[in-house]
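Peer 1: Okay, so here is input19.txt, and as you'll see once you scroll down, it has compact mmCIF, N, CA and C atoms and all ligand atoms.
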```
# COMPACT_ATOMS: atom_id res chain seq x y z
N MET C 7 73.99 91.59 75.40
CA MET C 7 75.40 91.37 75.71
C MET C 7 76.21 92.63 75.54
N THR C 8 75.98 93.57 76.41
CA THR C 8 76.75 94.80 76.30
C THR C 8 78.09 94.69 77.01
N ASP C 9 78.06 93.85 78.05
CA ASP C 9 79.32 93.70 78.79
C ASP C 9 80.29 92.82 78.02
N ALA C 10 81.37 93.40 77.67
CA ALA C 10 82.38 92.62 76.98
C ALA C 10 83.06 91.72 78.00
N THR C 11 83.13 90.48 77.64
CA THR C 11 83.82 89.57 78.56
C THR C 11 85.30 89.92 78.59
N ALA C 12 85.83 89.78 79.75
CA ALA C 12 87.24 90.14 79.91
C ALA C 12 88.10 89.30 78.98
N PRO C 13 88.91 89.97 78.21
CA PRO C 13 89.81 89.23 77.30
C PRO C 13 90.81 88.40 78.11
N PRO C 14 91.28 87.37 77.49
CA PRO C 14 92.31 86.58 78.20
C PRO C 14 93.47 87.48 78.61
N THR C 15 93.92 87.23 79.76
CA THR C 15 94.92 88.12 80.34
C THR C 15 96.12 88.32 79.42
N VAL C 16 96.25 89.55 79.00
CA VAL C 16 97.40 89.87 78.16
C VAL C 16 98.49 90.56 78.97
N VAL C 17 98.06 91.03 80.13
CA VAL C 17 99.04 91.72 80.98
C VAL C 17 99.92 90.68 81.64
N LYS C 18 101.07 90.58 81.11
CA LYS C 18 102.01 89.62 81.69
C LYS C 18 102.55 90.17 83.01
N ALA C 19 102.68 89.27 83.92
CA ALA C 19 103.27 89.68 85.19
C ALA C 19 104.69 90.14 84.92
N ARG C 20 104.90 91.39 85.17
CA ARG C 20 106.22 91.92 84.90
C ARG C 20 107.24 91.27 85.84
N LYS C 21 108.33 90.96 85.29
CA LYS C 21 109.37 90.34 86.10
C LYS C 21 109.88 91.35 87.12
N ALA C 22 109.32 91.23 88.29
CA ALA C 22 109.68 92.20 89.32
C ALA C 22 110.91 91.74 90.08
N PRO C 23 111.96 92.50 89.97
CA PRO C 23 113.15 92.13 90.73
C PRO C 23 112.90 92.38 92.21
N ARG C 24 113.45 91.50 93.01
CA ARG C 24 113.28 91.69 94.44
C ARG C 24 114.13 92.89 94.87
N MET C 25 113.46 93.96 95.12
CA MET C 25 114.17 95.20 95.40
C MET C 25 115.05 95.12 96.63
N THR C 26 114.55 94.47 97.63
CA THR C 26 115.33 94.42 98.86
C THR C 26 116.67 93.74 98.59
N TYR C 27 116.59 92.65 97.84
CA TYR C 27 117.81 91.91 97.50
C TYR C 27 118.75 92.76 96.66
N LYS C 28 118.16 93.38 95.64
CA LYS C 28 118.96 94.24 94.74
C LYS C 28 119.57 95.40 95.50
N GLN C 29 118.77 95.98 96.35
CA GLN C 29 119.28 97.10 97.13
C GLN C 29 120.41 96.64 98.05
N GLU C 30 120.22 95.43 98.54
CA GLU C 30 121.25 94.90 99.43
C GLU C 30 122.56 94.75 98.68
N ILE C 31 122.49 94.21 97.49
CA ILE C 31 123.68 94.06 96.65
C ILE C 31 124.28 95.42 96.35
N GLN C 32 123.42 96.37 96.01
CA GLN C 32 123.88 97.71 95.70
C GLN C 32 124.56 98.33 96.90
N THR C 33 123.97 98.12 98.05
CA THR C 33 124.56 98.66 99.28
C THR C 33 125.93 98.06 99.50
N ILE C 34 126.02 96.76 99.29
CA ILE C 34 127.30 96.08 99.47
C ILE C 34 128.34 96.63 98.50
N LYS C 35 127.91 96.88 97.27
CA LYS C 35 128.84 97.41 96.26
C LYS C 35 129.33 98.80 96.63
N ASN C 36 128.44 99.57 97.25
CA ASN C 36 128.80 100.94 97.59
C ASN C 36 129.66 101.05 98.84
N LEU C 37 129.66 100.00 99.60
CA LEU C 37 130.38 100.06 100.86
C LEU C 37 131.89 100.02 100.65
N PRO C 38 132.60 100.69 101.52
CA PRO C 38 134.05 100.53 101.51
C PRO C 38 134.40 99.09 101.86
N ARG C 39 135.60 98.69 101.52
CA ARG C 39 135.97 97.28 101.62
C ARG C 39 135.73 96.66 103.00
N THR C 40 136.12 97.36 104.02
CA THR C 40 135.98 96.83 105.37
C THR C 40 134.51 96.60 105.71
N GLN C 41 133.71 97.59 105.40
CA GLN C 41 132.29 97.50 105.71
C GLN C 41 131.64 96.40 104.89
N ARG C 42 132.10 96.26 103.67
CA ARG C 42 131.57 95.21 102.80
C ARG C 42 131.85 93.84 103.41
N LEU C 43 133.05 93.69 103.91
CA LEU C 43 133.45 92.44 104.56
C LEU C 43 132.54 92.14 105.75
N ILE C 44 132.22 93.18 106.49
CA ILE C 44 131.37 93.02 107.66
C ILE C 44 129.99 92.49 107.25
N VAL C 45 129.43 93.10 106.21
CA VAL C 45 128.11 92.67 105.74
C VAL C 45 128.17 91.22 105.25
N ILE C 46 129.21 90.91 104.51
CA ILE C 46 129.37 89.54 104.01
C ILE C 46 129.49 88.56 105.17
N MET C 47 130.23 88.96 106.19
CA MET C 47 130.40 88.09 107.35
C MET C 47 129.09 87.84 108.07
N LYS C 48 128.28 88.89 108.14
CA LYS C 48 126.98 88.73 108.80
C LYS C 48 126.10 87.75 108.04
N ILE C 49 126.09 87.91 106.72
CA ILE C 49 125.31 87.00 105.89
C ILE C 49 125.85 85.58 106.02
N ALA C 50 127.17 85.46 106.01
CA ALA C 50 127.81 84.16 106.15
C ALA C 50 127.48 83.54 107.50
N GLY C 51 127.44 84.38 108.53
CA GLY C 51 127.12 83.89 109.87
C GLY C 51 125.73 83.29 109.93
N VAL C 52 124.78 83.98 109.34
CA VAL C 52 123.40 83.48 109.30
C VAL C 52 123.36 82.15 108.54
N PHE C 53 124.13 82.11 107.47
CA PHE C 53 124.20 80.92 106.64
C PHE C 53 124.77 79.74 107.41
N LEU C 54 125.81 79.99 108.14
CA LEU C 54 126.46 78.94 108.94
C LEU C 54 125.51 78.40 110.01
N VAL C 55 124.79 79.30 110.66
CA VAL C 55 123.82 78.87 111.66
C VAL C 55 122.74 78.00 111.00
N ALA C 56 122.34 78.41 109.81
CA ALA C 56 121.33 77.63 109.08
C ALA C 56 121.83 76.22 108.79
N ILE C 57 123.09 76.11 108.44
CA ILE C 57 123.69 74.80 108.19
C ILE C 57 123.67 73.98 109.49
N GLY C 58 124.00 74.64 110.60
CA GLY C 58 123.98 73.98 111.90
C GLY C 58 122.61 73.48 112.27
N LEU C 59 121.59 74.28 112.00
CA LEU C 59 120.21 73.88 112.28
C LEU C 59 119.80 72.71 111.40
N GLU C 60 120.28 72.75 110.18
CA GLU C 60 120.04 71.64 109.26
C GLU C 60 120.62 70.35 109.84
N GLY C 61 121.73 70.48 110.52
CA GLY C 61 122.35 69.35 111.18
C GLY C 61 121.45 68.71 112.23
N ILE C 62 120.69 69.55 112.95
CA ILE C 62 119.75 69.03 113.94
C ILE C 62 118.67 68.21 113.24
N VAL C 63 118.17 68.79 112.16
CA VAL C 63 117.08 68.15 111.42
C VAL C 63 117.51 66.79 110.88
N THR C 64 118.71 66.76 110.32
CA THR C 64 119.17 65.53 109.70
C THR C 64 119.89 64.60 110.68
N GLY C 65 120.04 65.05 111.90
CA GLY C 65 120.67 64.21 112.91
C GLY C 65 122.17 64.21 112.87
N GLN C 66 122.73 65.09 112.09
CA GLN C 66 124.19 65.17 112.02
C GLN C 66 124.67 66.24 112.99
N TYR C 67 124.79 65.82 114.24
CA TYR C 67 125.04 66.80 115.29
C TYR C 67 126.45 67.38 115.25
N ALA C 68 127.32 66.71 114.55
CA ALA C 68 128.67 67.25 114.39
C ALA C 68 128.60 68.57 113.64
N TYR C 69 127.73 68.63 112.64
CA TYR C 69 127.51 69.86 111.89
C TYR C 69 127.01 70.95 112.80
N THR C 70 126.03 70.56 113.63
CA THR C 70 125.42 71.52 114.54
C THR C 70 126.46 72.11 115.48
N LEU C 71 127.25 71.21 116.07
CA LEU C 71 128.25 71.64 117.04
C LEU C 71 129.33 72.52 116.40
N LEU C 72 129.57 72.27 115.14
CA LEU C 72 130.61 73.02 114.45
C LEU C 72 130.08 74.36 113.92
N PHE C 73 128.95 74.29 113.23
CA PHE C 73 128.51 75.46 112.49
C PHE C 73 127.75 76.50 113.29
N ILE C 74 126.98 76.08 114.27
CA ILE C 74 126.22 77.09 115.02
C ILE C 74 127.15 78.02 115.81
N PRO C 75 128.10 77.48 116.58
CA PRO C 75 129.01 78.42 117.27
C PRO C 75 129.81 79.27 116.29
N LEU C 76 130.20 78.65 115.19
CA LEU C 76 130.96 79.37 114.17
C LEU C 76 130.12 80.50 113.57
N GLY C 77 128.89 80.17 113.25
CA GLY C 77 127.98 81.16 112.67
C GLY C 77 127.70 82.30 113.62
N VAL C 78 127.48 81.96 114.88
CA VAL C 78 127.22 83.00 115.89
C VAL C 78 128.46 83.88 116.04
N PHE C 79 129.60 83.24 116.10
CA PHE C 79 130.86 83.97 116.24
C PHE C 79 131.09 84.92 115.07
N VAL C 80 130.92 84.38 113.88
CA VAL C 80 131.15 85.18 112.67
C VAL C 80 130.19 86.36 112.58
N SER C 81 128.93 86.13 112.96
CA SER C 81 127.97 87.21 112.84
C SER C 81 128.06 88.20 114.00
N MET C 82 128.62 87.77 115.12
CA MET C 82 128.76 88.68 116.25
C MET C 82 129.97 89.59 116.10
N MET C 83 131.00 89.07 115.48
CA MET C 83 132.26 89.80 115.37
C MET C 83 132.09 91.18 114.70
N PRO C 84 131.41 91.24 113.56
CA PRO C 84 131.24 92.54 112.91
C PRO C 84 130.52 93.56 113.79
N ILE C 85 129.62 93.09 114.64
CA ILE C 85 128.89 94.01 115.50
C ILE C 85 129.87 94.74 116.43
N LYS C 86 130.85 94.00 116.87
CA LYS C 86 131.86 94.60 117.75
C LYS C 86 132.71 95.60 116.97
N ILE C 87 133.03 95.24 115.74
CA ILE C 87 133.86 96.12 114.91
C ILE C 87 133.10 97.41 114.59
N ARG C 88 131.83 97.23 114.27
CA ARG C 88 131.06 98.32 113.73
C ARG C 88 130.79 99.48 114.67
N THR C 89 130.81 99.22 115.94
CA THR C 89 130.34 100.21 116.91
C THR C 89 130.71 101.64 116.57
N GLY C 90 129.69 102.43 116.46
CA GLY C 90 129.93 103.86 116.39
C GLY C 90 129.92 104.53 115.04
N VAL C 91 129.87 103.76 113.95
CA VAL C 91 129.81 104.44 112.65
C VAL C 91 128.70 103.89 111.76
N CYS C 92 128.19 104.77 110.93
CA CYS C 92 127.16 104.41 109.97
C CYS C 92 127.78 103.52 108.89
N ILE C 93 127.05 102.48 108.47
CA ILE C 93 127.60 101.59 107.46
C ILE C 93 127.65 102.25 106.09
N ALA C 94 126.83 103.27 105.88
CA ALA C 94 126.77 103.91 104.57
C ALA C 94 127.66 105.14 104.47
N CYS C 95 127.58 106.02 105.43
CA CYS C 95 128.31 107.29 105.31
C CYS C 95 129.40 107.44 106.36
N ARG C 96 129.50 106.47 107.25
CA ARG C 96 130.55 106.46 108.28
C ARG C 96 130.50 107.64 109.25
N SER C 97 129.34 108.22 109.36
CA SER C 97 129.21 109.27 110.35
C SER C 97 129.06 108.63 111.72
N PRO C 98 129.46 109.34 112.76
CA PRO C 98 129.36 108.78 114.11
C PRO C 98 127.92 108.43 114.45
N LEU C 99 127.77 107.37 115.22
CA LEU C 99 126.44 106.84 115.48
C LEU C 99 126.38 106.33 116.91
N GLU C 100 125.25 106.59 117.55
CA GLU C 100 125.05 106.00 118.87
C GLU C 100 124.80 104.51 118.66
N GLN C 101 125.22 103.71 119.61
CA GLN C 101 125.14 102.27 119.43
C GLN C 101 123.70 101.76 119.29
N HIS C 102 122.79 102.44 119.94
CA HIS C 102 121.40 101.96 119.90
C HIS C 102 120.64 102.46 118.68
N GLN C 103 121.23 103.35 117.90
CA GLN C 103 120.52 103.90 116.75
C GLN C 103 120.45 102.90 115.61
N ALA C 104 119.24 102.59 115.19
CA ALA C 104 119.06 101.61 114.12
C ALA C 104 119.12 102.28 112.76
N ILE C 105 118.85 103.58 112.74
CA ILE C 105 118.87 104.30 111.47
C ILE C 105 119.78 105.50 111.62
N CYS C 106 120.62 105.69 110.62
CA CYS C 106 121.57 106.80 110.66
C CYS C 106 120.84 108.12 110.62
N PRO C 107 121.10 109.01 111.57
CA PRO C 107 120.42 110.30 111.59
C PRO C 107 120.89 111.23 110.47
N LYS C 108 122.04 110.94 109.92
CA LYS C 108 122.62 111.83 108.91
C LYS C 108 122.14 111.49 107.50
N CYS C 109 122.22 110.20 107.14
CA CYS C 109 121.86 109.82 105.78
C CYS C 109 120.64 108.91 105.71
N GLY C 110 120.14 108.47 106.87
CA GLY C 110 118.91 107.68 106.89
C GLY C 110 119.09 106.22 106.54
N ALA C 111 120.33 105.78 106.42
CA ALA C 111 120.57 104.38 106.06
C ALA C 111 120.30 103.47 107.27
N PRO C 112 119.53 102.42 107.05
CA PRO C 112 119.31 101.47 108.14
C PRO C 112 120.59 100.71 108.45
N GLN C 113 120.88 100.55 109.71
CA GLN C 113 122.08 99.83 110.11
C GLN C 113 121.75 98.35 110.26
N MET C 114 122.37 97.55 109.43
CA MET C 114 122.03 96.12 109.44
C MET C 114 122.60 95.41 110.67
ZN ZN A 201 124.79 107.41 107.46
```
Spell out the structure here as structure tokens.
Peer 2:
Amino acid sequence: MTDATAPPTVVKARKAPRMTYKQEIQTIKNLPRTQRLIVIMKIAGVFLVAIGLEGIVTGQYAYTLLFIPLGVFVSMMPIKIRTGVCIACRSPLEQHQAICPKCGAPQM
């Protein structure tokens, strides 16, 4: 018996924070007020659409009719506002650019 049997796991799974989420919060905190509002609106828009879809599942079509157009509207509006500037550094940006060429921030 030279092989020591593996001891019971002492390595606790480290509580790994979801970096993407944390980074998202950090990004929101760093944003100027207007840009922050835009990000919040986008998240809210997705949320509203989700509520609308939930309405389909549960058969409450009034929810669907109300929330899906609202969610789409809310999430589309910031896109119109945003045109042309980086969300992080506000440098000019081509509309099709997904990543800022100046600071490398992904455009949500
Ligand atoms: Zn930038």
Peer 1: Compare C:Leu59, C:Ala104, C:Ile93, C:Val52 by their minimum atom-to-atom distance to ligand ZN 201 (chain A), counting all atoms listed in the file, and give me the closest one.
Peer 2: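 Nearest to ligand ZN 201 (chain A): C:Ile93.
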Peer 1: Which residues are near ligand ZN 201 (chain A) - at most 6.5 Å, using all atoms listed in the file? Format: as a list in words.
Peer 2: Cys92, Ile93, Ala94, Cys95, Arg96, Ser97, Cys106, Pro107, Lys108, Cys109, Gly110 and Ala111 of chain C
Peer 1: How many Å lie between CA of Ile49 (chain C) and CA of Gly77 (chain C), rounded to one decimal?
Peer 2: 9.3 Å
Peer 1: Hey, what's within 7 Å of Met47 (chain C) if we count only C-alpha atoms and toss same-chain stuff fewer than 3 positions away? As a PyMOL selection string, please?
Peer 2: chain C and resi 43-44+50-51+80-81
Peer 1: Pull the neighbourhood of (127.5, 75.0, 112.5) for me: all residues within 10 Å in file coordinates, counting only C-alpha atoms, as a PyMOL selection string.
Peer 2: chain C and resi 51-62+67-78
Peer 1: Go ahead and compute the interatomic distance for atom N of Gln103 (chain C) and CA of Gly90 (chain C), in Å to one decimal.
Peer 2: 8.8 Å
Peer 1: Do you have the atom N of Val91 (chain C)-atom N of Arg39 (chain C) distance handy?
Peer 2: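 The value is 14.6 Å.
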Peer 1: Taking only C-alpha atoms into account, name the residue in C:Lys48, C:Asn36, C:Pro98, C:Val63 that is nearest to Phe79 (chain C).
Peer 2: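 Among the listed residues, C:Lys48 lies closest to Phe79 (chain C).
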